[in-house]
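Student: The structure's right below; bear with me while I get my questions together.
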There are 2 protein chains.
Amino acid sequence: MATSKSKKPAKSKSKYKVIGTRPIRHDGADKVTGRARYGADTKLSGQLAGYILRSPHAHARIRHVDISAAVVSPGVHAVLIGSDLPEQGDRIAELGEGAVNMRHLRSNVLAQDKVLYRGHAVAAVAADNIHLAEDAAKKIVIEYELLPLVLDARSAMKPDAPILNDDVRTVEFGEVVSDSPTNVAKKVLFETGDIAAGFASASVIVEREFSTATVHQGYIEPHASSAVWHRDGRVTVWTCTQGSFTVRQQLAELLHIPATNIKVIPTEIGGGFGGKISVYEQPLAVLLSKKSGRPVKMILSRTDTFEATGPTPGSFIRVKLGADSSGRLVAGEAWLAYEAGAFPGSPIGPGCMCIFSCYDVPNARVEGYDVCVNKPRTNAYRAPGSTNASFAVESVIEDLCDQLNIDPLAFRLKNAAREGTRRVDGIVYPRIGLVECLEAVGTSDHWDAPIGPKSELKPATPSANGHAAVPVYRPSNLKIGRGIATGYWFNAGLKSSATVNVNFDGKVTLLEGSTDIGGSRAALAMILAETLGIAAEDVNPFVVDTDGVGYTDVTGGSRVTHTTGAAVHMAGLKIRDQMRELAAQIWGCPASKVKFKAGQFNGPEDKSFTFKELAARGLHHGEPISASATVNMDTCGGAFGAHICDVAVDPDTGKVDILRYTVVQDCGTAIHPSYVEGQMQGGAAQGIGWALNEEYFYDAAGTMRNSSYLDYRIPTCLDLPEIETIIVEVPNPIHPYGVRGVGEVPICPPPAAIAAAIHQAVGARMHDLPMNPPRVLAAILAKES
Amino acid sequence: MATSKSKKPAKSKSKYKVIGTRPIRHDGADKVTGRARYGADTKLSGQLAGYILRSPHAHARIRHVDISAAVVSPGVHAVLIGSDLPEQGDRIAELGEGAVNMRHLRSNVLAQDKVLYRGHAVAAVAADNIHLAEDAAKKIVIEYELLPLVLDARSAMKPDAPILNDDVRTVEFGEVVSDSPTNVAKKVLFETGDIAAGFASASVIVEREFSTATVHQGYIEPHASSAVWHRDGRVTVWTCTQGSFTVRQQLAELLHIPATNIKVIPTEIGGGFGGKISVYEQPLAVLLSKKSGRPVKMILSRTDTFEATGPTPGSFIRVKLGADSSGRLVAGEAWLAYEAGAFPGSPIGPGCMCIFSCYDVPNARVEGYDVCVNKPRTNAYRAPGSTNASFAVESVIEDLCDQLNIDPLAFRLKNAAREGTRRVDGIVYPRIGLVECLEAVGTSDHWDAPIGPKSELKPATPSANGHAAVPVYRPSNLKIGRGIATGYWFNAGLKSSATVNVNFDGKVTLLEGSTDIGGSRAALAMILAETLGIAAEDVNPFVVDTDGVGYTDVTGGSRVTHTTGAAVHMAGLKIRDQMRELAAQIWGCPASKVKFKAGQFNGPEDKSFTFKELAARGLHHGEPISASATVNMDTCGGAFGAHICDVAVDPDTGKVDILRYTVVQDCGTAIHPSYVEGQMQGGAAQGIGWALNEEYFYDAAGTMRNSSYLDYRIPTCLDLPEIETIIVEVPNPIHPYGVRGVGEVPICPPPAAIAAAIHQAVGARMHDLPMNPPRVLAAILAKES
């Protein structure tokens with residue numbers, strides 16, 4: 001997975017000076033020298049270690065808790081149980097990321113009367129060190145009444161299924177539609193056109209069912225936080241999170257503290273992918289600090305992280321598509337059930353909105369369910385809900401193409417969503433770039449090459465038809481195949497803030513509140529540099545704490561470079577205005593006579609200052625140059641991608657190897673192409689892991705049996721070829737620099753693209769993720785039999 | 001020194017809701033519970049301890065330095081000598097606080113070819129711990145050539161005096177006026193009117209000479225800093241300083257690093273009083289970190305702090321005043337020589353501007369000299385230069401009053417500077433409050449009471465004339481007396497910035513860059529609260545690092561509450577505007593229809609939001625509310641005070657006890673009266689120490705023999721009565737809330753007020769500070785003989 005080449009327009013064509021270049025990231029040196037401080041690196045005087053005791057059962061009622069032995073255990077300073085968390089009543093709170101049922105959040109942080117999944121937190125202990133804390137926790141006696149459990153959505157929807165939450169009723173269009181407790185928390189329904197007439201006009205109809213497993217975001221850094229409760233009721237929390245303001249708001253609501261009294265200091269973050277938005281250990285660290293009067297640090301183990309943070313939902317999806325004889329889609333129907341985990345909140349909504357999002361499906365119906373099961377409460381994972389849906393719909397389209405004998409690329413080009421296409425949920429697309437991505441697939445080196453690893457192909461090997469490629473690479477008895485698939489993500493807008501200060505050395509400081517997961521500090525600095533006409537290196541970007549900048553929503557939804565970037569651009573415009581006024585003051589002319597162009601302030605009589613010269617004059621003239629700007633954007637414009645995948649399948653074992661992989665994606669304007677490519681590669685790698693190997697493997701008792709990276713198989717660089725990238729740039733009309741979100745789209749296509757490639761290789765259609773060797777072997781054998 | 005009562009106008013008259021109240025300071029809880037982090041509290045992974053080797057000689061040439069044994073000493077990671085500091089050439093740099101000779105600053109941080117005072121830093125060592133560092137430092141072999149030394153200004157001005165700096169020439173009005181090296185770095189001259197005619201018209205002329213000793217600011221916390229050199233050349237410094245931006249600028253200039261690459265994080269500060277502006281150990285910590293690759297922490301000892309940081313100058317002052325028979329001042333002449341210490345830079349300029357600043361002296365001449373001597377380079381100390389001058393001129397006025405047989409209060413009221421008075425340096429006063437202060441003296445409890453401790457006076461004891469009070473208190477054989485004196489300080493303006501963010505809970509975060517020495521966080525929060533119509537407790541103020549807010553000059557010159565306060569007020573106005581726009585958006589009306597009044601936003605049709613209600617709506621509407629504001633103010637308006645002092649003198653020992661002490665001062669509008677009173681009390685306490693006991697006691701070799709708090713006698717609470725305060729409020733016309741600087745004025749009057757009281761008690765005039773028992777006894781004996 002070395003840096004891949006990008007099919008960008010030639011550099012000389014760019015209208016930008018900084019945007020599109022590849023400066024060294026500002027936070028790079030600290031990260032490669034170990035100076036950067038991550039969640040577990042906080043060191044406070046007198047700090048205690050916090051340990052969380054977790055449920056050994058997947059579903060049980062807590063009959064009695066006895067902490068008497070724990071509180072007198074050596075070195076123990078504080079013990080918490082569920083009732084120590086303030087009561088929430090029947091309350092929905094706005095956490096900046098949508099409404100959250102506070103009773104459920106409270107119960108997830110520390111179980112109240114029931115445990116709903118193996119690993120559910122039931123108590124917490126702060127002690128002089130982690131060993132003493134763990135020893136003490138083991139002395140807590142909990143009397144459980146075991147309850148039957150349910151681990152998959154369809155079982156949990158049955159009338160006789162064990163009910164997880166007595167307070168859950170089905171909600172449809174905001175209305176409660178069930179009378180009694182249920183595991184079905186939500187029903188989603190979208191309809192457009194005339195579905196019956198649509199299918200009636202179809203020449204070919206394909207209907208298939210799919211399942212996907214629960215998978216984890218797989219960030220390298222487990223959750224880690226430290227907290228200090230100050231004697232005046234203020235709280236300071238250091239934590240690795242995707243959203244410091246979201247943590248602040250969750251803590252405020254959970255602990256009944258004014259948000260202003262909470263300072264959340266985001267540390268560097270070793271990956272999040274959606275999984276580091278909810279609070280887990282943070283409220284416990286705060287309360288343990290309050291009880292003990294000491295700082296408390298808590299670090300989750302890898303097993304804790306698997307068992308008790310929020311993976312993406314396992315799902316069941318049925319998709320039916322019809323096309324006419326010309327290969328035009330005429331109707332689509334989908335039924336989805338997503339596992340919410342212990343408490344409601346799966347991304348069933350986005351799943352339903354995304355499932356037909358890449359196509360113009362004039363008549364469609366989508367029905368989806370959010371279903372509680374005895375697994376950890378699910379959480380966002382890169383394009384949440386979309387990958388599951390993409391796997392299903394793209395696989396059905398492959399089948400349609402086969403039956404119609406149409407080239408899958410041609411079929412997709414014919415039916416692709418474009419500007420003006422109306423999605424099943426009613427959204428009409430603005431300018432989007434799916435067609436351009438599909439065209440880029442068609443003109444790519446990969447599409448035109450024989451199937452096989454790039455490195456082993458002779459450069460001169462010609463190919464008339466890339467898709468039905470000449471198989472020059474066929475080691476031993478492996479079967480090879482190629483597949484493509486598309487993917488979509490909305491991208492989010494939301495609120496962002498930025499502050500810019502100009503220093504007398506002509507450099508500027510940029511403060512922003514979006515935690516930097518994928519290189520956003522560099523991208524935001526480049527946006528500011530472009531706006532001010534200075535070098536990227538002359539911007540010093542900082543991710544500050546919740547007191548250090550205006551409110552900023554979570555790093556997620558691929559929104560940071562777009563939306564925080566827009567705030568940064570606006571702050572840059574204000575800085576330009578202030579500097580024009582400074583120049584005007586020095587020159588004794590009205591500010592309107594000072595024009596800014598390409599980093600230069602030009603005044604009357606050929607007077608001019610470079611940005612640096614004018615900044616230096618600030619030592620003696622005018623006020624300090626400083627500006628804050630804020631934005632609230634509804635959306636940041638959807639993005640699409642298309643992937644090409646070559647696989648080799650071992651027919652004797654069912655093992656699938658990725659031979660070659662190309663990610664094509666419309667990124668709007670690519671601010672820092674290296675980090676855009678990194679997002680494309682990283683998303684594809686995660687999608688490949690999800691497709692081939694990753695899954696929560698549960699036993700009958702609801703215990704995950706593979707909760708370590710030894711057994712939970714994330715692909716390593718040994719498993720993957722260099723992932724090639726082709727950046728397509730269809731500028732986003734609603735952004736000053738045309739930025740679209742990049743991070744999420746690339747996880748969506750891999751499962752379907754790989755399934756298509758496997759089908760080409762061995763002729764078997766895959767319906768279930770992960771497509772691990774036993775499953776693939778079974779499919780091969782089933783087909784042969 | 002418990003909190004004193006204030007003679008404020010009755011609360012009900014105030015036009016303010018928050019200003020003038022006494023909320024608990026926002027940083028109080030952390031400070032009283034030990035949670036606040038001071039200079040020495042920084043703890044970094046892998047940090048080394050830095051030790052500074054200092055000169056044992058007051059004046060010597062460095063012939064040779066051999067560090068070979070030190071670098072191989074156990075646990076040593078880096079050794080620095082003078083040549084490790086980048087060369088500066090003949091360079092004057094702007095450090096935001098005026099121009100600084102960089103060669104001198106470099107030589108002060110680490111001696112180059114000469115040592116100029118005992119304690120002058122000559123080398124620095126970083127090692128695993130401070131003991132290993134000190135051991136290694138002792139292995140550094142330095143060959144010194146001893147030179148003759150000079151310890152007082154007048155001796156140093158003689159033609160045959162040993163010359164400290166070969167590069168120093170006398171500068172007058174910006175022009176070099178000496179051909180050869182000299183210790184006289186600067187000559188100041190102010191003239192107004194016709195001095196000869198003035199004295200010719202005088203009925204009485206008094207001319208006397210005064211000396212004051214070198215005294216230290218006496219902050220409790222010694223200097224302490226930690227530094228990290230990052231591999232990409234960026235630097236992070238934690239330090240207790242009065243000016244984080246000034247430290248940044250000094251480090252940038254000294255180390256040739258762009259200021260933007262340096263992050264200075266100001267810790268809490270345990271006192272500064274002017275002494276924590278220059279850098280001492282900070283550049284060494286940075287370079288040791290660069291050499292070692294590890295964080296380095298350096299803490300100065302108390303002896304280091306005395307011997308090698310910047311005390312206030314010792315001085316010699318001659319004052320001649322003439323008054324006509326009606327008691328009107330007709331002429332004044334002053335000659336001042338201030339000890340700069342090792343390098344030029346004493347506050348001789350301010351001293352010359354302040355000396356006649358309290359009076360209307362129509363014909364005046366002031367001549368002053370900045371003179372290098374073999375003492376540490378002096379630095380600012382609370383109203384720098386003014387206390388020395390005030391002691392001299394106020395003492396001469398007492399003498400004039402005696403000779404004219406005029407009541408000293410009446411004399412001062414007659415001659416007091418007021419709006420329109422032209423100072424000797426040409427400044428014409430705007431609205432000032434000296435007359436009001438003197439009137440408040442006349443109507444004070446103290447002035448009207450018999451001499452003696454307040455607690456021992458019977459409340460009913462009447463007194464026809466407070467000044468010639470009935471001596472009801474006369475234990476044993478002590479002699480008692482009362483004196484008054486006035487004092488003045490300009491107050492500085494300079495640059496400040498502030499950023500305000502509104503949170504959804506209706507509270508606001510305030511970011512500012514002025515380190516909080518005397519409660520300014522509380523005062524600034526109150527200014528913002530007043531502007532926004534919310535409670536002081538609803539503002540969460542933070543002193544942030546140099547990247548966290550716009551450029552802000554040093555905490556000094558009594559400028560913070562005034563100037564940073566003005567920036568905070570301006571940011572508050574911007575916030576109000578943004579919130580009016582938010583309300584307009586919600587109500588669907590133009591922003592011009594939304595009026596703000598007393599914390600309420602009022603719209604059309606009786607619609608209204610409280611600040612809190614509107615802030616909460618920000619979760620769903622509009623952009624985040626955030627504003628930055630910056631100011632650059634030429635001045636913040638002068639301030640005056642008058643002190644009343646009762647003393648008891650033991651005629652057998654010369655020991656002087658303060659029986660009662662009242663500080664009267666025009667503070668403009670007192671934002672937080674408790675901290676205003678605290679400043680008045682603290683300044684008076686320091687002035688009393690300076691008057692009675694404090695001095696650098698040097699032996700013939702130039703070694704300070706009392707460099708510990710055991711021997712350097714700062715007054716403790718056992719030495720002082722409760723210092724009473726009377727706040728006079730003459731609003732400052734140039735400030736939105738009428739604020740004047742408070743902190744510096746109260747140090748000026750004590751020496752003269754005490755001298756006047758001693759004179760009344762024992763009939764002897766005092767000419768030299770400190771007025772310690774041997775001096776007072778000598779004066780009594782001289783008078784008796």
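By order in the structure tokens, chains are A, B, ...; within a chain, residues start at 1; ligands start at 1, following the order shown.
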Please run DSSP on the backbone and report, as a ChimeraX atom specification, all residues within stretch 277-459 of chain A that come out as alpha helix (DSSP H).

Tutor: /A:282-292,302-308,348-354,386-404,408-415,434-442,445-448

Student: Which residues come within 7 Å of stretch 370-382 of chain B, counting only C-alpha atoms, excluding same-chain residues fewer than 4 positions away, as a PyMOL selection string?

Tutor: chain B and resi 58-59+116-117+149-153+156-157+164+183-187+217+273-275+307-313+337-346+348+744+747

Student: Export C-alpha atoms of the chosen residues as a short mmCIF file (atom, residue, chain, number, x, y, z; two decimals), in the first residue's frame?

Tutor:
data_model
loop_
_atom_site.label_atom_id
_atom_site.label_comp_id
_atom_site.auth_asym_id
_atom_site.auth_seq_id
_atom_site.Cartn_x
_atom_site.Cartn_y
_atom_site.Cartn_z
CA ALA B 58 31.03 40.81 39.65
CA HIS B 59 33.29 41.94 36.82
CA LEU B 116 29.25 41.85 34.48
CA TYR B 117 27.71 40.86 37.79
CA LEU B 149 34.00 46.88 39.68
CA VAL B 150 31.59 49.72 40.23
CA LEU B 151 28.37 49.37 42.17
CA ASP B 152 26.65 52.75 42.20
CA ALA B 153 25.53 55.17 39.54
CA ALA B 156 30.06 54.67 37.46
CA MET B 157 29.58 58.10 35.85
CA LEU B 164 31.26 47.56 31.71
CA ASN B 183 28.67 53.56 31.51
CA VAL B 184 26.16 56.33 30.83
CA ALA B 185 23.89 54.83 28.27
CA LYS B 186 21.26 57.51 28.10
CA LYS B 187 20.64 61.09 29.05
CA GLN B 217 10.10 42.62 43.11
CA PHE B 273 5.50 42.95 39.33
CA GLY B 274 7.56 43.70 36.22
CA GLY B 275 10.28 41.17 36.89
CA GLU B 307 21.38 37.73 41.90
CA ALA B 308 20.56 37.30 38.27
CA THR B 309 17.08 38.50 37.41
CA GLY B 310 16.12 42.14 37.13
CA PRO B 311 15.58 44.14 40.32
CA THR B 312 14.57 47.77 40.31
CA PRO B 313 17.44 50.27 40.05
CA ALA B 337 20.83 58.84 38.04
CA TYR B 338 19.33 55.36 37.86
CA GLU B 339 21.42 52.20 37.94
CA ALA B 340 20.78 50.19 34.80
CA GLY B 341 22.74 47.25 36.15
CA ALA B 342 24.97 45.35 33.78
CA PHE B 343 23.30 46.51 30.57
CA PRO B 344 21.50 49.74 29.66
CA GLY B 345 17.79 49.99 30.28
CA SER B 346 16.83 51.46 33.64
CA ILE B 348 15.13 56.62 33.88
CA GLU B 744 1.17 50.41 39.97
CA ILE B 747 3.78 51.42 45.38
#

Student: Using only C-alpha atoms, which of B:Ala779, B:Val237, B:Val664, B:Ile397 sits nearest B:Asp547?

Tutor: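 For B:Asp547, the nearest of the candidates is B:Val237.
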
Student: Can you pull out the residues contacting A:Val631? Cut-off 6 Å, using only C-alpha atoms, and skip same-chain residues under 4 positions away; I want them as a PyMOL selection string.

Tutor: (chain A and resi 495-496+567) or (chain B and resi 623)

Student: May I ask you to extract the residues of chain A within 6 Å of chain B, using only C-alpha atoms, and to give them as number ranges by chain?

Tutor: A: 29, 232, 501, 550-551, 623-624, 626-628, 630-632

Student: Deliver the residues from the most recent selection as a file, using all heavy atoms, as a PDB file, in the first residue's frame.

Tutor:
ATOM      1  N   ALA A  29       6.068  15.646  11.996  1.00  0.00           N
ATOM      2  CA  ALA A  29       7.300  15.416  12.758  1.00  0.00           C
ATOM      3  C   ALA A  29       6.986  14.878  14.155  1.00  0.00           C
ATOM      4  O   ALA A  29       7.605  13.918  14.623  1.00  0.00           O
ATOM      5  CB  ALA A  29       8.104  16.719  12.853  1.00  0.00           C
ATOM      6  N   ASP A 232     -14.563  23.327  42.102  1.00  0.00           N
ATOM      7  CA  ASP A 232     -15.676  24.240  41.856  1.00  0.00           C
ATOM      8  C   ASP A 232     -16.673  23.661  40.853  1.00  0.00           C
ATOM      9  O   ASP A 232     -17.530  24.375  40.344  1.00  0.00           O
ATOM     10  CB  ASP A 232     -15.160  25.601  41.370  1.00  0.00           C
ATOM     11  CG  ASP A 232     -14.255  25.476  40.148  1.00  0.00           C
ATOM     12  OD1 ASP A 232     -14.062  24.348  39.660  1.00  0.00           O
ATOM     13  OD2 ASP A 232     -13.743  26.505  39.691  1.00  0.00           O
ATOM     14  N   ASN A 501      -5.118  33.919  13.500  1.00  0.00           N
ATOM     15  CA  ASN A 501      -4.329  35.032  14.013  1.00  0.00           C
ATOM     16  C   ASN A 501      -3.096  35.213  13.135  1.00  0.00           C
ATOM     17  O   ASN A 501      -2.418  34.242  12.809  1.00  0.00           O
ATOM     18  CB  ASN A 501      -3.875  34.745  15.455  1.00  0.00           C
ATOM     19  CG  ASN A 501      -5.052  34.565  16.391  1.00  0.00           C
ATOM     20  OD1 ASN A 501      -5.992  35.352  16.379  1.00  0.00           O
ATOM     21  ND2 ASN A 501      -5.025  33.507  17.196  1.00  0.00           N
ATOM     22  N   GLY A 550     -14.805  28.292  18.387  1.00  0.00           N
ATOM     23  CA  GLY A 550     -16.254  28.191  18.370  1.00  0.00           C
ATOM     24  C   GLY A 550     -16.713  26.753  18.167  1.00  0.00           C
ATOM     25  O   GLY A 550     -15.951  25.870  17.743  1.00  0.00           O
ATOM     26  N   TYR A 551     -17.993  26.546  18.437  1.00  0.00           N
ATOM     27  CA  TYR A 551     -18.565  25.201  18.363  1.00  0.00           C
ATOM     28  C   TYR A 551     -18.270  24.547  17.012  1.00  0.00           C
ATOM     29  O   TYR A 551     -18.406  25.160  15.956  1.00  0.00           O
ATOM     30  CB  TYR A 551     -20.079  25.266  18.574  1.00  0.00           C
ATOM     31  CG  TYR A 551     -20.723  23.918  18.546  1.00  0.00           C
ATOM     32  CD1 TYR A 551     -20.785  23.126  19.686  1.00  0.00           C
ATOM     33  CD2 TYR A 551     -21.237  23.399  17.355  1.00  0.00           C
ATOM     34  CE1 TYR A 551     -21.355  21.863  19.647  1.00  0.00           C
ATOM     35  CE2 TYR A 551     -21.796  22.138  17.309  1.00  0.00           C
ATOM     36  CZ  TYR A 551     -21.858  21.376  18.455  1.00  0.00           C
ATOM     37  OH  TYR A 551     -22.404  20.118  18.409  1.00  0.00           O
ATOM     38  N   GLU A 623      -4.323  47.422  14.931  1.00  0.00           N
ATOM     39  CA  GLU A 623      -4.647  46.394  15.918  1.00  0.00           C
ATOM     40  C   GLU A 623      -4.061  45.060  15.473  1.00  0.00           C
ATOM     41  O   GLU A 623      -3.809  44.862  14.291  1.00  0.00           O
ATOM     42  CB  GLU A 623      -6.170  46.247  16.030  1.00  0.00           C
ATOM     43  CG  GLU A 623      -6.890  47.466  16.553  1.00  0.00           C
ATOM     44  CD  GLU A 623      -7.231  48.455  15.453  1.00  0.00           C
ATOM     45  OE1 GLU A 623      -7.498  48.017  14.322  1.00  0.00           O
ATOM     46  OE2 GLU A 623      -7.197  49.675  15.716  1.00  0.00           O
ATOM     47  N   PRO A 624      -3.898  44.140  16.416  1.00  0.00           N
ATOM     48  CA  PRO A 624      -3.527  42.781  16.010  1.00  0.00           C
ATOM     49  C   PRO A 624      -4.552  42.238  15.007  1.00  0.00           C
ATOM     50  O   PRO A 624      -5.738  42.564  15.089  1.00  0.00           O
ATOM     51  CB  PRO A 624      -3.562  42.000  17.330  1.00  0.00           C
ATOM     52  CG  PRO A 624      -3.316  43.028  18.395  1.00  0.00           C
ATOM     53  CD  PRO A 624      -3.951  44.285  17.894  1.00  0.00           C
ATOM     54  N   SER A 626      -6.745  39.425  13.681  1.00  0.00           N
ATOM     55  CA  SER A 626      -7.331  38.205  14.250  1.00  0.00           C
ATOM     56  C   SER A 626      -8.788  38.125  13.832  1.00  0.00           C
ATOM     57  O   SER A 626      -9.506  39.120  13.899  1.00  0.00           O
ATOM     58  CB  SER A 626      -7.225  38.280  15.780  1.00  0.00           C
ATOM     59  OG  SER A 626      -7.901  37.210  16.391  1.00  0.00           O
ATOM     60  N   ALA A 627      -9.226  36.950  13.402  1.00  0.00           N
ATOM     61  CA  ALA A 627     -10.622  36.816  12.964  1.00  0.00           C
ATOM     62  C   ALA A 627     -11.156  35.431  13.286  1.00  0.00           C
ATOM     63  O   ALA A 627     -10.433  34.439  13.195  1.00  0.00           O
ATOM     64  CB  ALA A 627     -10.740  37.077  11.468  1.00  0.00           C
ATOM     65  N   SER A 628     -12.409  35.400  13.656  1.00  0.00           N
ATOM     66  CA  SER A 628     -13.116  34.135  13.849  1.00  0.00           C
ATOM     67  C   SER A 628     -14.248  34.050  12.843  1.00  0.00           C
ATOM     68  O   SER A 628     -14.859  35.065  12.527  1.00  0.00           O
ATOM     69  CB  SER A 628     -13.703  34.062  15.263  1.00  0.00           C
ATOM     70  OG  SER A 628     -12.679  34.063  16.221  1.00  0.00           O
ATOM     71  N   THR A 630     -17.585  31.316  11.474  1.00  0.00           N
ATOM     72  CA  THR A 630     -18.368  30.107  11.753  1.00  0.00           C
ATOM     73  C   THR A 630     -19.306  29.834  10.581  1.00  0.00           C
ATOM     74  O   THR A 630     -19.743  30.759   9.902  1.00  0.00           O
ATOM     75  CB  THR A 630     -19.202  30.270  13.032  1.00  0.00           C
ATOM     76  OG1 THR A 630     -20.143  31.337  12.853  1.00  0.00           O
ATOM     77  CG2 THR A 630     -18.326  30.618  14.223  1.00  0.00           C
ATOM     78  N   VAL A 631     -19.599  28.565  10.370  1.00  0.00           N
ATOM     79  CA  VAL A 631     -20.547  28.195   9.311  1.00  0.00           C
ATOM     80  C   VAL A 631     -21.483  27.109   9.830  1.00  0.00           C
ATOM     81  O   VAL A 631     -21.176  26.394  10.778  1.00  0.00           O
ATOM     82  CB  VAL A 631     -19.840  27.665   8.033  1.00  0.00           C
ATOM     83  CG1 VAL A 631     -18.952  28.727   7.418  1.00  0.00           C
ATOM     84  CG2 VAL A 631     -19.041  26.410   8.332  1.00  0.00           C
ATOM     85  N   ASN A 632     -22.626  27.025   9.195  1.00  0.00           N
ATOM     86  CA  ASN A 632     -23.580  25.951   9.455  1.00  0.00           C
ATOM     87  C   ASN A 632     -24.121  25.552   8.107  1.00  0.00           C
ATOM     88  O   ASN A 632     -24.868  26.288   7.480  1.00  0.00           O
ATOM     89  CB  ASN A 632     -24.703  26.460  10.377  1.00  0.00           C
ATOM     90  CG  ASN A 632     -25.699  25.360  10.726  1.00  0.00           C
ATOM     91  OD1 ASN A 632     -25.481  24.189  10.408  1.00  0.00           O
ATOM     92  ND2 ASN A 632     -26.782  25.745  11.373  1.00  0.00           N
TER      93      ASN A 632
END

Student: Name the closest residue to A:Gly689 among the candidates A:Gly270, A:Gly218, A:Pro295, A:Pro733; distances are taken between atoms, counting only C-alpha atoms.

Tutor: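 Closest candidate: A:Gly218.
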
Student: Which residues are near stretch 403-418 of chain B? Cut-off 8 Å, only C-alpha atoms, ignore same chain within fewer than 4 positions. Put them as number ranges by chain.

Tutor: B: 204, 325, 327-329, 357-361, 397-399, 429-435, 438-439, 442, 484

Student: May I ask which of the residues A:His64, A:Arg103, A:Arg740, A:Lys574 is the closest one to A:Gly638, counting only C-alpha atoms?

Tutor: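 Among the listed residues, the smallest separation from A:Gly638 belongs to A:Arg740.
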
Student: In Å, how far is it from atom CA of A:Val247 to atom CA of A:Gln282?

Tutor: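 Atom CA of A:Gln282 lies at a distance of 8.2 Å from atom CA of A:Val247.
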
Student: Excluding stretch 191-199 of chain A and its own-chain neighbours fewer than 6 positions away, which residues fall within 8 Å of it when counting only C-alpha atoms? Please give them as a list in words.

Tutor: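 Near stretch 191-199 of chain A, the qualifying residues are Ile205, Leu321, Gly322, Val330, Ala331, Gly332, Glu333, Pro362, Asn363, Ala364, Arg365, Val366, Val424, Asp425 and Gly426 of chain A.
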
Student: Deliver the residues from the most recent selection as a file, using C-alpha atoms, as a compact mmCIF listing (two decimals), in the first residue's frame.

Tutor:
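Once everything was written out, this is out_0.txt:
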# COMPACT_ATOMS: atom_id res chain seq x y z
CA ILE A 205 -36.13 -9.27 -12.51
CA LEU A 321 -34.44 -5.12 -9.24
CA GLY A 322 -36.05 -5.09 -12.62
CA VAL A 330 -37.36 0.19 -14.19
CA ALA A 331 -38.08 -0.85 -10.62
CA GLY A 332 -36.37 -1.63 -7.35
CA GLU A 333 -37.45 -2.94 -4.02
CA PRO A 362 -37.89 5.49 -11.34
CA ASN A 363 -40.10 3.14 -9.31
CA ALA A 364 -38.77 2.06 -5.98
CA ARG A 365 -39.72 0.98 -2.50
CA VAL A 366 -37.37 0.66 0.43
CA VAL A 424 -35.94 7.21 -3.51
CA ASP A 425 -36.09 9.46 -0.44
CA GLY A 426 -36.95 12.44 -2.61

Student: Give me every strand (DSSP E) residue in stretch 247-314 of chain B, going by DSSP on the backbone, as a list of chain:residue names.

Tutor: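 Reading the DSSP output for stretch 247-314 of chain B, strand (DSSP E) covers B:Ile262, B:Lys263, B:Val264, B:Ile265, B:Pro266, B:Val296, B:Lys297, B:Met298, B:Ile299.
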
Student: When you count only C-alpha atoms, which of these residues is closest to B:Ala127: B:Lys158, B:Arg294, B:Arg521, B:Lys454?

Tutor: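 Comparing B:Lys158, B:Arg294, B:Arg521, B:Lys454 against B:Ala127, the winner is B:Arg294.
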
Student: Write out as an MDAnalysis selection string each polymer residue whose atoms come within 6 Å of A:Lys114, counting only C-alpha atoms; drop sequence neighbours fewer than 6 positions from it.

Tutor: chainID A and resid 60:62

Student: Identify, on the basis of only C-alpha atoms, every residue whose closest approach to B:Glu394 does not exceed 10 Å; exclude the query and any residue fewer than 6 positions from it along the same chain; express the result as a VMD selection string.

Tutor: chain B and resid 319 355 to 356 358 400 408 412 484 to 487 749 751 to 753 755 to 756
